[in-house]
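Notes to accompany the following structure.
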2 protein chains.
Amino acid sequence: MAVTIFDVAERAGVSIGTVSRVLNQRDRVHPETRRRVMEAVKELDYQRNALASSLVTQRTQMIGMVVPMVNDPFFFEMVRGVEDAAYSANYTLIIASHPRSAKDRRYLDLFKRGYVDAMVLVASAEIQETEIRRAMDQGISVVLVQQEHEGIPSFVVDNYAGARALVEHLLGLGHRRIAYITGSDYTIDNAERFRGLYDVLSEHHLALPDSYIMQGDYHHGSGYEAMQKLLNLPEPPEAVFAANDQMAADAIQMARECGLRVPEDVAVVGFDDVSLARYTNPPLTTVAQPAYELGYEAATYALGQIGNTDPFVSFQKKLSTQLVIRLSCGAKKRL
Amino acid sequence: MAVTIFDVAERAGVSIGTVSRVLNQRDRVHPETRRRVMEAVKELDYQRNALASSLVTQRTQMIGMVVPMVNDPFFFEMVRGVEDAAYSANYTLIIASHPRSAKDRRYLDLFKRGYVDAMVLVASAEIQETEIRRAMDQGISVVLVQQEHEGIPSFVVDNYAGARALVEHLLGLGHRRIAYITGSDYTIDNAERFRGLYDVLSEHHLALPDSYIMQGDYHHGSGYEAMQKLLNLPEPPEAVFAANDQMAADAIQMARECGLRVPEDVAVVGFDDVSLARYTNPPLTTVAQPAYELGYEAATYALGQIGNTDPFVSFQKKLSTQLVIRLSCGAKKRL
DNA sequence: CTGAAAGCGCTTACAG
DNA sequence: CTGAAAGCGCTTACAG
């Protein structure tokens with residue numbers, strides 16, 4: 001029912017090979033022939049079937065991105081970066097969101113079955129390394145973002161250094177008793193941020209009691225409860241470092257509900273510098289990540305590796321963060 | 001290089017037709033034959049090439065979604081809805097974001113070239129109707145969300161009624177001079193919200209001077225400037241209705257910077273009820289949209305229409321909104 | 001410059 | 001229950 005290359009060939013009075021040639025602008029074609037073909041294409045409103053085309057060229061001109069579909073502007077920026085990189089390379093970006101459960105791996109269809117030439121996998125801890133390897137074996141160029149695996153190219157943010165800077169800043173402000181609200185445990189971000197805190201405290205011979213480590217999950221609500229528990233401690237912390245801004249915002253909310261002033265009674269800092277950070281009361285001191293650059297660089301690399309059959313490339317890039325000082329840490333005065 | 005159905009057939013000592021049969025679980029196959037085939041599949045780690053498969057079945061088992069990739073949690077919810085619907089129907093969701101410019105229509109590749117069986121187009125004003133029609137002619141099931149076109153199924157939220165309820169609420173609180181900060185002009189959301197405001201004011205014989213209509217664009221920053229101009233008016237408004245929450249949040253920020261109290265000196269309300277609305281100071285009174293349901297219902301409908309060749313189905317569904325009263329309107333007291 | 005033909009990797013009537 | 005073959009809609013050496 002859809003019009004095919006045969007219809008066009010017939011109408012233009014040429015063979016399908018010729019039609020294909022003018023469509024692909026490759027070989028020389030007589031100008032007059034080209035004109036007739038283009039005319040037939042227009043008249044019939046012909047659209048090439050990409051499936052058939054890709055089947056023979058072994059290239060889909062699509063780059064896939066698997067990204068956690070949590071409500072986080074941070075990922076938006078990353079998507080924009082990937083998109084721009086794809087655009088420059090004349091690729092179309094398709095995005096698959098994470099599955100709801102770790103057991104459900106259907107989203108892997110995207111790259112298991114040859115729909116994309118390259119993949120950018122963002123913080124997809126559930127994806128097994130064997131799956132990735134298999135995709136790579138099939139010639140798909142894959143890069144990891146915010147996640148590492150031996151022998152697979154990856155782009156990460158220097159969470160460790162970012163956390164260190166943040167904690168040093170807190171110490172400089174005179175805070176000594178610092179608590180941590182964790183993100184999901186399985187992510188390296190969380191682990192690295194915690195490590196930054198831990199190391200700086202150790203170096204300053206400061207304690208980090210277990211009771212100061214509260215379980216969170218990065219999402220809305222968890223920072224709220226964690227903060228409540230922290231504030232009910234016999235000796236509450238002077239400052240709270242939440243593993244991301246969302247939880248920090250919740251923590252501030254809870255502090256206020258408990259009648260405490262932030263940062264006077266308790267300082268709160270986050271991580272990521274999502275747009276929300278500007279709107280909390282007081283605005284959040286946090287750490288900005290180069291989300292856009294992360295996406296852009298990762299995609300550019302992945303695209304560049306398409307067709308590279310050497311499976312032994314190892315590549316790791318770590319982008320640095322930036323401390324964003326607002327009011328919630330106590331460094332500046334309120335308006 | 002990748003292992004094909006031929007490799008499996010050879011290893012199992014059967015024809016490729018038989019391999020295909022066991023893979024597709026369709027026809028009867030001798031249990032022992034099936035076992036041998038499955039064993040070969042496993043041993044060779046065979047993955048069916050979806051491109052080839054789709055080429056013959058004329059079905060890709062993919063549903064495409066074109067969504068504005070603006071930093072808006074509202075769309076996230078919608079994506080979740082579409083995703084769940086797709087999941088139930090055993091479909092994979094792929095998302096394409098909007099192009100940066102109206103001229104760039106490469107994202108249409110997704111459905112022009114036969115990669116998806118169905119499409120959900122969200123607020124994609126730049127997409128020409130002819131393009132959509134063409135896609136439909138090629139047998140792709142398409143539905144529109146937050147957007148209408150004669151003869152194309154669509155799912156929209158009742159922005160008009162939502163805006164009416166919001167404005168009635170404001171009037172009930174005693175506000176009379178109400179200003180509006182617009183969203184992007186080309187969206188129906190914005191037009192409908194404005195119409196709701198306009199009609200309610202008219203019915204109450206209240207004026208809406210031109211100076212009370214400020215141009216915004218839904219994005220961060222525009223509400224800020226718009227509010228500044230409103231506050232500098234000889235007779236500033238008593239209440240400001242921003243076309244979405246982001247701009248309302250900015251407006252609040254600006255009011256505070258001008259030393260004004262919200263809602264005592266000026267009330268501010270938004271639209272959408274994104275998560276940010278809970279974190280502004282004071283929390284935002286706004287209108288919640290059934291984003292998830294919108295996505296779920298739209299996708300379910302689109303999926304149900306796959307294979308339906310009757311091009312004359314006309315379908316329109318309007319989902320209703322809900323007023324969310326917080327503090328920024330002045331209806332309740334602060335904590 | 002152009003046509004005929006092989007082939008990309010599958011599915012599916014059609015026979016047997 | 002299974003094989004041989006046609007066909008999905010293209011691209012691309014290979015000849016000429």
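Residue numbering restarts at 1 for every chain of the structure tokens, chains are lettered A, B, ... in their displayed order, and ligands are numbered from 1 as they appear.
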
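Near chain A, within 7 Å and counting only C-alpha atoms (C1' of nucleotides), the residues of chain D are DG9, DC10 and DT11 of chain D.
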
Over every C-alpha pair, in sequence order, do a least-squares fit of chain A onto chain B and save the fitted chain as a JSON list (two decimals) with C-alpha atoms, in the first residue's frame.
```json
[["chain", "number", "residue", "atom", "x", "y", "z"],
["A", 1, "MET", "CA", 29.51, -11.42, 11.72],
["A", 2, "ALA", "CA", 26.42, -11.46, 13.91],
["A", 3, "VAL", "CA", 24.82, -14.87, 14.09],
["A", 4, "THR", "CA", 21.80, -15.29, 11.88],
["A", 5, "ILE", "CA", 18.90, -17.63, 11.62],
["A", 6, "PHE", "CA", 20.88, -19.66, 9.11],
["A", 7, "ASP", "CA", 23.56, -20.41, 11.66],
["A", 8, "VAL", "CA", 20.96, -21.59, 14.09],
["A", 9, "ALA", "CA", 19.24, -23.73, 11.48],
["A", 10, "GLU", "CA", 22.48, -25.35, 10.48],
["A", 11, "ARG", "CA", 23.48, -26.09, 14.04],
["A", 12, "ALA", "CA", 20.09, -27.56, 14.86],
["A", 13, "GLY", "CA", 19.96, -29.47, 11.60],
["A", 14, "VAL", "CA", 16.67, -27.93, 10.47],
["A", 15, "SER", "CA", 15.51, -25.34, 7.97],
["A", 16, "ILE", "CA", 15.33, -21.66, 8.78],
["A", 17, "GLY", "CA", 11.58, -21.87, 8.47],
["A", 18, "THR", "CA", 11.48, -24.22, 11.39],
["A", 19, "VAL", "CA", 13.73, -22.02, 13.45],
["A", 20, "SER", "CA", 11.45, -19.13, 12.73],
["A", 21, "ARG", "CA", 8.47, -21.18, 13.78],
["A", 22, "VAL", "CA", 9.83, -22.11, 17.14],
["A", 23, "LEU", "CA", 10.96, -18.55, 17.75],
["A", 24, "ASN", "CA", 7.53, -17.21, 16.97],
["A", 25, "GLN", "CA", 5.71, -19.88, 18.93],
["A", 26, "ARG", "CA", 3.07, -19.97, 16.29],
["A", 27, "ASP", "CA", 2.61, -23.26, 14.50],
["A", 28, "ARG", "CA", 3.04, -26.70, 15.96],
["A", 29, "VAL", "CA", 6.61, -27.87, 16.13],
["A", 30, "HIS", "CA", 7.77, -31.25, 17.33],
["A", 31, "PRO", "CA", 8.94, -30.91, 20.95],
["A", 32, "GLU", "CA", 12.25, -32.56, 20.21],
["A", 33, "THR", "CA", 12.84, -30.26, 17.25],
["A", 34, "ARG", "CA", 11.98, -27.29, 19.37],
["A", 35, "ARG", "CA", 14.44, -28.43, 21.99],
["A", 36, "ARG", "CA", 17.26, -28.76, 19.48],
["A", 37, "VAL", "CA", 16.53, -25.33, 18.06],
["A", 38, "MET", "CA", 16.40, -23.69, 21.46],
["A", 39, "GLU", "CA", 19.65, -25.32, 22.34],
["A", 40, "ALA", "CA", 21.31, -23.98, 19.20],
["A", 41, "VAL", "CA", 19.90, -20.55, 19.93],
["A", 42, "LYS", "CA", 21.40, -20.65, 23.38],
["A", 43, "GLU", "CA", 24.75, -22.03, 22.28],
["A", 44, "LEU", "CA", 25.16, -19.44, 19.57],
["A", 45, "ASP", "CA", 23.67, -16.66, 21.66],
["A", 46, "TYR", "CA", 21.41, -15.85, 18.76],
["A", 47, "GLN", "CA", 19.52, -12.57, 18.67],
["A", 48, "ARG", "CA", 16.92, -12.10, 16.04],
["A", 49, "ASN", "CA", 17.48, -9.12, 13.77],
["A", 50, "ALA", "CA", 14.47, -6.96, 14.43],
["A", 51, "LEU", "CA", 14.96, -4.94, 11.28],
["A", 52, "ALA", "CA", 14.58, -7.97, 9.06],
["A", 53, "SER", "CA", 11.72, -9.26, 11.09],
["A", 54, "SER", "CA", 9.85, -5.99, 11.02],
["A", 55, "LEU", "CA", 10.43, -5.63, 7.32],
["A", 56, "VAL", "CA", 8.36, -8.70, 6.61],
["A", 57, "THR", "CA", 5.78, -8.46, 9.35],
["A", 58, "GLN", "CA", 5.24, -4.77, 8.72],
["A", 59, "ARG", "CA", 5.13, -4.25, 12.44],
["A", 60, "THR", "CA", 7.87, -2.94, 14.68],
["A", 61, "GLN", "CA", 6.29, -3.31, 18.11],
["A", 62, "MET", "CA", 7.49, 0.17, 18.87],
["A", 63, "ILE", "CA", 5.47, 3.20, 19.77],
["A", 64, "GLY", "CA", 7.01, 6.60, 19.26],
["A", 65, "MET", "CA", 6.45, 9.68, 21.33],
["A", 66, "VAL", "CA", 7.39, 13.18, 20.34],
["A", 67, "VAL", "CA", 7.55, 15.34, 23.41],
["A", 68, "PRO", "CA", 8.90, 18.82, 24.07],
["A", 69, "MET", "CA", 12.14, 18.26, 25.89],
["A", 70, "VAL", "CA", 11.74, 21.23, 28.09],
["A", 71, "ASN", "CA", 12.59, 20.92, 31.68],
["A", 72, "ASP", "CA", 9.13, 20.16, 32.84],
["A", 73, "PRO", "CA", 8.13, 17.37, 35.20],
["A", 74, "PHE", "CA", 4.68, 17.54, 33.74],
["A", 75, "PHE", "CA", 5.94, 15.77, 30.66],
["A", 76, "PHE", "CA", 7.68, 13.19, 32.75],
["A", 77, "GLU", "CA", 4.40, 12.10, 34.16],
["A", 78, "MET", "CA", 2.95, 11.89, 30.71],
["A", 79, "VAL", "CA", 5.85, 9.80, 29.52],
["A", 80, "ARG", "CA", 5.30, 7.45, 32.42],
["A", 81, "GLY", "CA", 1.70, 7.08, 31.39],
["A", 82, "VAL", "CA", 2.58, 6.30, 27.81],
["A", 83, "GLU", "CA", 5.25, 3.93, 28.94],
["A", 84, "ASP", "CA", 2.92, 1.95, 31.14],
["A", 85, "ALA", "CA", 0.38, 1.69, 28.38],
["A", 86, "ALA", "CA", 3.03, 0.56, 25.93],
["A", 87, "TYR", "CA", 4.30, -1.96, 28.39],
["A", 88, "SER", "CA", 0.88, -3.48, 28.85],
["A", 89, "ALA", "CA", 0.54, -3.89, 25.13],
["A", 90, "ASN", "CA", 3.99, -5.42, 24.84],
["A", 91, "TYR", "CA", 5.32, -2.42, 23.01],
["A", 92, "THR", "CA", 8.59, -0.61, 23.42],
["A", 93, "LEU", "CA", 8.48, 3.13, 23.79],
["A", 94, "ILE", "CA", 10.92, 5.35, 22.01],
["A", 95, "ILE", "CA", 10.98, 9.04, 22.57],
["A", 96, "ALA", "CA", 12.09, 11.76, 20.26],
["A", 97, "SER", "CA", 12.44, 15.23, 21.58],
["A", 98, "HIS", "CA", 11.35, 18.34, 19.82],
["A", 99, "PRO", "CA", 13.71, 20.05, 17.47],
["A", 100, "ARG", "CA", 15.27, 23.24, 18.59],
["A", 101, "SER", "CA", 13.82, 25.15, 15.71],
["A", 102, "ALA", "CA", 10.55, 24.87, 13.96],
["A", 103, "LYS", "CA", 12.40, 24.48, 10.70],
["A", 104, "ASP", "CA", 14.20, 21.39, 11.77],
["A", 105, "ARG", "CA", 11.89, 18.47, 11.37],
["A", 106, "ARG", "CA", 14.35, 15.64, 11.46],
["A", 107, "TYR", "CA", 12.66, 14.19, 14.49],
["A", 108, "LEU", "CA", 9.86, 13.28, 12.15],
["A", 109, "ASP", "CA", 12.14, 10.58, 10.81],
["A", 110, "LEU", "CA", 10.87, 8.49, 13.61],
["A", 111, "PHE", "CA", 7.52, 8.00, 12.10],
["A", 112, "LYS", "CA", 8.01, 8.93, 8.52],
["A", 113, "ARG", "CA", 10.18, 5.98, 7.80],
["A", 114, "GLY", "CA", 8.36, 3.11, 9.33],
["A", 115, "TYR", "CA", 10.14, 2.67, 12.59],
["A", 116, "VAL", "CA", 7.04, 2.78, 14.71],
["A", 117, "ASP", "CA", 3.54, 1.34, 14.56],
["A", 118, "ALA", "CA", 2.01, 4.19, 16.51],
["A", 119, "MET", "CA", 2.81, 7.71, 17.57],
["A", 120, "VAL", "CA", 1.85, 9.98, 20.40],
["A", 121, "LEU", "CA", 2.49, 13.60, 19.53],
["A", 122, "VAL", "CA", 2.54, 15.94, 22.45],
["A", 123, "ALA", "CA", 1.98, 19.64, 21.94],
["A", 124, "SER", "CA", 3.98, 19.56, 18.75],
["A", 125, "ALA", "CA", 2.61, 22.62, 17.13],
["A", 126, "GLU", "CA", 5.36, 22.73, 14.55],
["A", 127, "ILE", "CA", 4.34, 19.45, 13.02],
["A", 128, "GLN", "CA", 2.36, 20.15, 9.92],
["A", 129, "GLU", "CA", -0.91, 18.47, 9.51],
["A", 130, "THR", "CA", 0.15, 17.14, 6.12],
["A", 131, "GLU", "CA", 3.00, 15.27, 7.75],
["A", 132, "ILE", "CA", 0.66, 13.69, 10.22],
["A", 133, "ARG", "CA", -1.75, 12.74, 7.51],
["A", 134, "ARG", "CA", 1.04, 11.18, 5.52],
["A", 135, "ALA", "CA", 2.08, 9.11, 8.49],
["A", 136, "MET", "CA", -1.50, 8.01, 8.96],
["A", 137, "ASP", "CA", -1.74, 7.11, 5.30],
["A", 138, "GLN", "CA", 1.21, 4.83, 5.79],
["A", 139, "GLY", "CA", -0.76, 2.97, 8.37],
["A", 140, "ILE", "CA", 0.74, 4.55, 11.45],
["A", 141, "SER", "CA", -1.71, 5.09, 14.25],
["A", 142, "VAL", "CA", -1.31, 8.59, 15.58],
["A", 143, "VAL", "CA", -2.88, 10.49, 18.42],
["A", 144, "LEU", "CA", -2.40, 14.06, 19.48],
["A", 145, "VAL", "CA", -2.03, 15.22, 23.05],
["A", 146, "GLN", "CA", -2.56, 18.79, 24.21],
["A", 147, "GLN", "CA", -3.27, 19.72, 20.65],
["A", 148, "GLU", "CA", -6.11, 19.38, 18.22],
["A", 149, "HIS", "CA", -6.56, 18.86, 14.52],
["A", 150, "GLU", "CA", -9.74, 18.13, 12.68],
["A", 151, "GLY", "CA", -10.07, 14.43, 12.07],
["A", 152, "ILE", "CA", -7.08, 13.31, 14.12],
["A", 153, "PRO", "CA", -7.73, 11.65, 17.46],
["A", 154, "SER", "CA", -6.71, 13.85, 20.34],
["A", 155, "PHE", "CA", -6.48, 13.91, 24.10],
["A", 156, "VAL", "CA", -6.49, 17.22, 25.85],
["A", 157, "VAL", "CA", -6.88, 18.59, 29.29],
["A", 158, "ASP", "CA", -9.73, 20.94, 29.97],
["A", 159, "ASN", "CA", -7.57, 23.99, 30.41],
["A", 160, "TYR", "CA", -10.51, 26.28, 30.03],
["A", 161, "ALA", "CA", -12.46, 24.83, 32.92],
["A", 162, "GLY", "CA", -9.29, 24.65, 35.01],
["A", 163, "ALA", "CA", -8.55, 28.31, 34.47],
["A", 164, "ARG", "CA", -12.12, 29.22, 35.23],
["A", 165, "ALA", "CA", -12.03, 27.42, 38.55],
["A", 166, "LEU", "CA", -8.78, 29.09, 39.44],
["A", 167, "VAL", "CA", -10.03, 32.56, 38.63],
["A", 168, "GLU", "CA", -13.34, 32.02, 40.39],
["A", 169, "HIS", "CA", -11.31, 31.06, 43.42],
["A", 170, "LEU", "CA", -9.31, 34.26, 43.20],
["A", 171, "LEU", "CA", -12.47, 36.33, 42.92],
["A", 172, "GLY", "CA", -13.95, 34.54, 45.89],
["A", 173, "LEU", "CA", -10.93, 35.66, 47.87],
["A", 174, "GLY", "CA", -11.73, 39.25, 47.06],
["A", 175, "HIS", "CA", -9.14, 39.87, 44.36],
["A", 176, "ARG", "CA", -10.42, 42.07, 41.58],
["A", 177, "ARG", "CA", -7.45, 43.33, 39.58],
["A", 178, "ILE", "CA", -6.06, 40.16, 38.05],
["A", 179, "ALA", "CA", -3.16, 40.08, 35.61],
["A", 180, "TYR", "CA", -2.06, 37.29, 33.29],
["A", 181, "ILE", "CA", 1.42, 36.19, 32.28],
["A", 182, "THR", "CA", 1.09, 34.30, 29.02],
["A", 183, "GLY", "CA", 2.78, 31.08, 27.91],
["A", 184, "SER", "CA", 4.06, 30.56, 24.38],
["A", 185, "ASP", "CA", 1.39, 31.87, 22.08],
["A", 186, "TYR", "CA", 1.19, 28.96, 19.76],
["A", 187, "THR", "CA", -0.06, 26.45, 22.28],
["A", 188, "ILE", "CA", -3.71, 25.82, 22.88],
["A", 189, "ASP", "CA", -3.04, 25.43, 26.58],
["A", 190, "ASN", "CA", -2.13, 29.04, 26.83],
["A", 191, "ALA", "CA", -5.01, 30.18, 24.71],
["A", 192, "GLU", "CA", -7.52, 28.16, 26.68],
["A", 193, "ARG", "CA", -6.22, 29.29, 30.03],
["A", 194, "PHE", "CA", -6.43, 32.84, 28.94],
["A", 195, "ARG", "CA", -9.92, 32.35, 27.64],
["A", 196, "GLY", "CA", -10.96, 30.96, 31.01],
["A", 197, "LEU", "CA", -9.65, 34.03, 32.76],
["A", 198, "TYR", "CA", -11.19, 36.36, 30.25],
["A", 199, "ASP", "CA", -14.63, 34.82, 30.35],
["A", 200, "VAL", "CA", -14.86, 34.73, 34.12],
["A", 201, "LEU", "CA", -13.78, 38.34, 34.40],
["A", 202, "SER", "CA", -16.30, 39.36, 31.77],
["A", 203, "GLU", "CA", -19.08, 37.52, 33.50],
["A", 204, "HIS", "CA", -18.26, 39.42, 36.65],
["A", 205, "HIS", "CA", -18.06, 42.68, 34.71],
["A", 206, "LEU", "CA", -14.41, 43.09, 35.60],
["A", 207, "ALA", "CA", -11.88, 44.69, 33.31],
["A", 208, "LEU", "CA", -8.76, 43.03, 31.93],
["A", 209, "PRO", "CA", -6.67, 45.96, 30.71],
["A", 210, "ASP", "CA", -4.03, 45.28, 28.08],
["A", 211, "SER", "CA", -1.36, 46.33, 30.50],
["A", 212, "TYR", "CA", -2.34, 43.37, 32.65],
["A", 213, "ILE", "CA", -1.47, 40.91, 29.93],
["A", 214, "MET", "CA", 2.24, 40.23, 30.00],
["A", 215, "GLN", "CA", 4.11, 38.15, 27.48],
["A", 216, "GLY", "CA", 5.86, 35.09, 28.87],
["A", 217, "ASP", "CA", 7.12, 31.90, 27.28],
["A", 218, "TYR", "CA", 6.59, 29.24, 29.97],
["A", 219, "HIS", "CA", 10.31, 29.05, 30.62],
["A", 220, "HIS", "CA", 12.53, 30.07, 33.44],
["A", 221, "GLY", "CA", 13.18, 33.79, 33.50],
["A", 222, "SER", "CA", 10.21, 35.07, 31.58],
["A", 223, "GLY", "CA", 7.91, 35.19, 34.59],
["A", 224, "TYR", "CA", 10.50, 37.21, 36.37],
["A", 225, "GLU", "CA", 10.58, 40.03, 33.90],
["A", 226, "ALA", "CA", 6.86, 39.99, 33.33],
["A", 227, "MET", "CA", 6.26, 40.36, 37.04],
["A", 228, "GLN", "CA", 8.64, 43.25, 37.27],
["A", 229, "LYS", "CA", 6.71, 45.14, 34.66],
["A", 230, "LEU", "CA", 3.42, 44.38, 36.34],
["A", 231, "LEU", "CA", 4.65, 45.64, 39.68],
["A", 232, "ASN", "CA", 5.87, 48.85, 38.13],
["A", 233, "LEU", "CA", 2.45, 49.66, 36.76],
["A", 234, "PRO", "CA", 0.74, 52.76, 38.22],
["A", 235, "GLU", "CA", -1.94, 50.46, 39.51],
["A", 236, "PRO", "CA", -0.38, 47.01, 40.00],
["A", 237, "PRO", "CA", -2.60, 43.93, 40.03],
["A", 238, "GLU", "CA", -3.82, 42.37, 43.26],
["A", 239, "ALA", "CA", -3.35, 38.91, 41.86],
["A", 240, "VAL", "CA", -1.23, 37.44, 39.08],
["A", 241, "PHE", "CA", -2.18, 34.36, 37.14],
["A", 242, "ALA", "CA", 0.89, 32.92, 35.43],
["A", 243, "ALA", "CA", 0.21, 30.45, 32.64],
["A", 244, "ASN", "CA", 2.41, 27.85, 34.31],
["A", 245, "ASP", "CA", 4.09, 27.16, 37.62],
["A", 246, "GLN", "CA", 7.60, 27.92, 36.50],
["A", 247, "MET", "CA", 6.66, 31.48, 35.64],
["A", 248, "ALA", "CA", 4.61, 31.77, 38.80],
["A", 249, "ALA", "CA", 7.65, 30.73, 40.83],
["A", 250, "ASP", "CA", 9.68, 33.39, 39.08],
["A", 251, "ALA", "CA", 6.97, 35.94, 39.72],
["A", 252, "ILE", "CA", 7.01, 35.18, 43.43],
["A", 253, "GLN", "CA", 10.75, 35.54, 43.45],
["A", 254, "MET", "CA", 10.49, 38.95, 41.83],
["A", 255, "ALA", "CA", 7.78, 40.10, 44.21],
["A", 256, "ARG", "CA", 9.97, 39.24, 47.14],
["A", 257, "GLU", "CA", 12.91, 41.02, 45.62],
["A", 258, "CYS", "CA", 10.72, 44.08, 45.35],
["A", 259, "GLY", "CA", 10.02, 43.78, 49.05],
["A", 260, "LEU", "CA", 6.46, 42.66, 48.58],
["A", 261, "ARG", "CA", 4.80, 39.89, 50.52],
["A", 262, "VAL", "CA", 2.98, 37.09, 48.72],
["A", 263, "PRO", "CA", 0.03, 36.77, 49.04],
["A", 264, "GLU", "CA", -0.56, 39.75, 51.36],
["A", 265, "ASP", "CA", 0.63, 42.38, 48.88],
["A", 266, "VAL", "CA", 0.11, 40.44, 45.71],
["A", 267, "ALA", "CA", -1.29, 36.95, 45.16],
["A", 268, "VAL", "CA", 0.30, 34.66, 42.58],
["A", 269, "VAL", "CA", -1.12, 31.50, 41.09],
["A", 270, "GLY", "CA", 0.19, 29.11, 38.48],
["A", 271, "PHE", "CA", -0.93, 26.15, 36.43],
["A", 272, "ASP", "CA", 0.20, 22.51, 36.12],
["A", 273, "ASP", "CA", 1.06, 21.65, 39.71],
["A", 274, "VAL", "CA", 4.59, 20.53, 38.95],
["A", 275, "SER", "CA", 6.68, 19.45, 41.91],
["A", 276, "LEU", "CA", 8.27, 22.88, 42.14],
["A", 277, "ALA", "CA", 4.91, 24.28, 43.20],
["A", 278, "ARG", "CA", 5.35, 22.74, 46.61],
["A", 279, "TYR", "CA", 8.69, 24.36, 47.21],
["A", 280, "THR", "CA", 8.10, 27.97, 46.38],
["A", 281, "ASN", "CA", 7.74, 30.37, 49.25],
["A", 282, "PRO", "CA", 4.86, 30.53, 49.80],
["A", 283, "PRO", "CA", 3.75, 27.26, 48.20],
["A", 284, "LEU", "CA", 1.84, 27.81, 45.00],
["A", 285, "THR", "CA", -1.87, 27.63, 44.43],
["A", 286, "THR", "CA", -2.24, 26.05, 41.03],
["A", 287, "VAL", "CA", -4.21, 23.66, 38.83],
["A", 288, "ALA", "CA", -3.23, 20.01, 38.61],
["A", 289, "GLN", "CA", -3.46, 18.26, 35.29],
["A", 290, "PRO", "CA", -3.91, 14.52, 34.94],
["A", 291, "ALA", "CA", -0.60, 14.15, 33.12],
["A", 292, "TYR", "CA", -0.17, 10.46, 33.74],
["A", 293, "GLU", "CA", -3.70, 9.62, 32.70],
["A", 294, "LEU", "CA", -3.35, 11.77, 29.63],
["A", 295, "GLY", "CA", -0.33, 9.79, 28.50],
["A", 296, "TYR", "CA", -1.82, 6.47, 29.44],
["A", 297, "GLU", "CA", -5.12, 7.00, 27.74],
["A", 298, "ALA", "CA", -3.65, 8.50, 24.62],
["A", 299, "ALA", "CA", -1.19, 5.66, 24.18],
["A", 300, "THR", "CA", -3.79, 3.03, 24.87],
["A", 301, "TYR", "CA", -6.01, 4.51, 22.25],
["A", 302, "ALA", "CA", -3.22, 4.77, 19.69],
["A", 303, "LEU", "CA", -2.18, 1.19, 20.29],
["A", 304, "GLY", "CA", -5.75, 0.06, 19.92],
["A", 305, "GLN", "CA", -6.01, 1.75, 16.56],
["A", 306, "ILE", "CA", -3.04, -0.02, 15.01],
["A", 307, "GLY", "CA", -4.20, -1.85, 11.96],
["A", 308, "ASN", "CA", -7.47, 0.03, 11.82],
["A", 309, "THR", "CA", -7.64, 1.18, 8.24],
["A", 310, "ASP", "CA", -10.71, 3.35, 8.53],
["A", 311, "PRO", "CA", -9.27, 6.83, 8.21],
["A", 312, "PHE", "CA", -12.40, 8.56, 9.29],
["A", 313, "VAL", "CA", -12.34, 7.90, 12.96],
["A", 314, "SER", "CA", -12.69, 11.10, 14.84],
["A", 315, "PHE", "CA", -12.07, 10.98, 18.51],
["A", 316, "GLN", "CA", -11.60, 13.65, 21.12],
["A", 317, "LYS", "CA", -11.26, 13.26, 24.80],
["A", 318, "LYS", "CA", -11.01, 16.04, 27.32],
["A", 319, "LEU", "CA", -9.72, 15.23, 30.79],
["A", 320, "SER", "CA", -10.53, 17.46, 33.69],
["A", 321, "THR", "CA", -8.24, 19.31, 36.04],
["A", 322, "GLN", "CA", -8.19, 19.91, 39.75],
["A", 323, "LEU", "CA", -7.69, 23.09, 41.70],
["A", 324, "VAL", "CA", -4.86, 22.82, 44.23],
["A", 325, "ILE", "CA", -5.10, 25.46, 46.91],
["A", 326, "ARG", "CA", -1.92, 26.29, 48.77],
["A", 327, "LEU", "CA", -0.77, 29.58, 50.24],
["A", 328, "SER", "CA", 0.18, 31.89, 47.40],
["A", 329, "CYS", "CA", -3.41, 32.89, 46.71],
["A", 330, "GLY", "CA", -4.15, 34.01, 50.24],
["A", 331, "ALA", "CA", -6.81, 31.43, 50.97],
["A", 332, "LYS", "CA", -4.97, 29.90, 53.89],
["A", 333, "LYS", "CA", -2.68, 31.19, 56.54],
["A", 334, "ARG", "CA", 1.02, 30.45, 56.61],
["A", 335, "LEU", "CA", 2.36, 27.96, 59.08]]
```

Could you give me, as a PyMOL selection string, each residue of range 104-296 of chain A that DSSP assigns to strand (DSSP E) when run on this structure's backbone? chain A and resi 118-122+141-145+154-157+178-181+213-214+239-242+267-269+286-288

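Relative to C1' of DA6 in chain C, C1' of DA4 in chain D is found at 18.5 Å.
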
Can you list, as a ChimeraX atom specification, every residue of range 72-310 of chain A that DSSP puts in helix (DSSP H, G or I)? /A:73-88,106-112,129-137,159-172,188-203,210-212,222-231,245-257,275-278,291-304
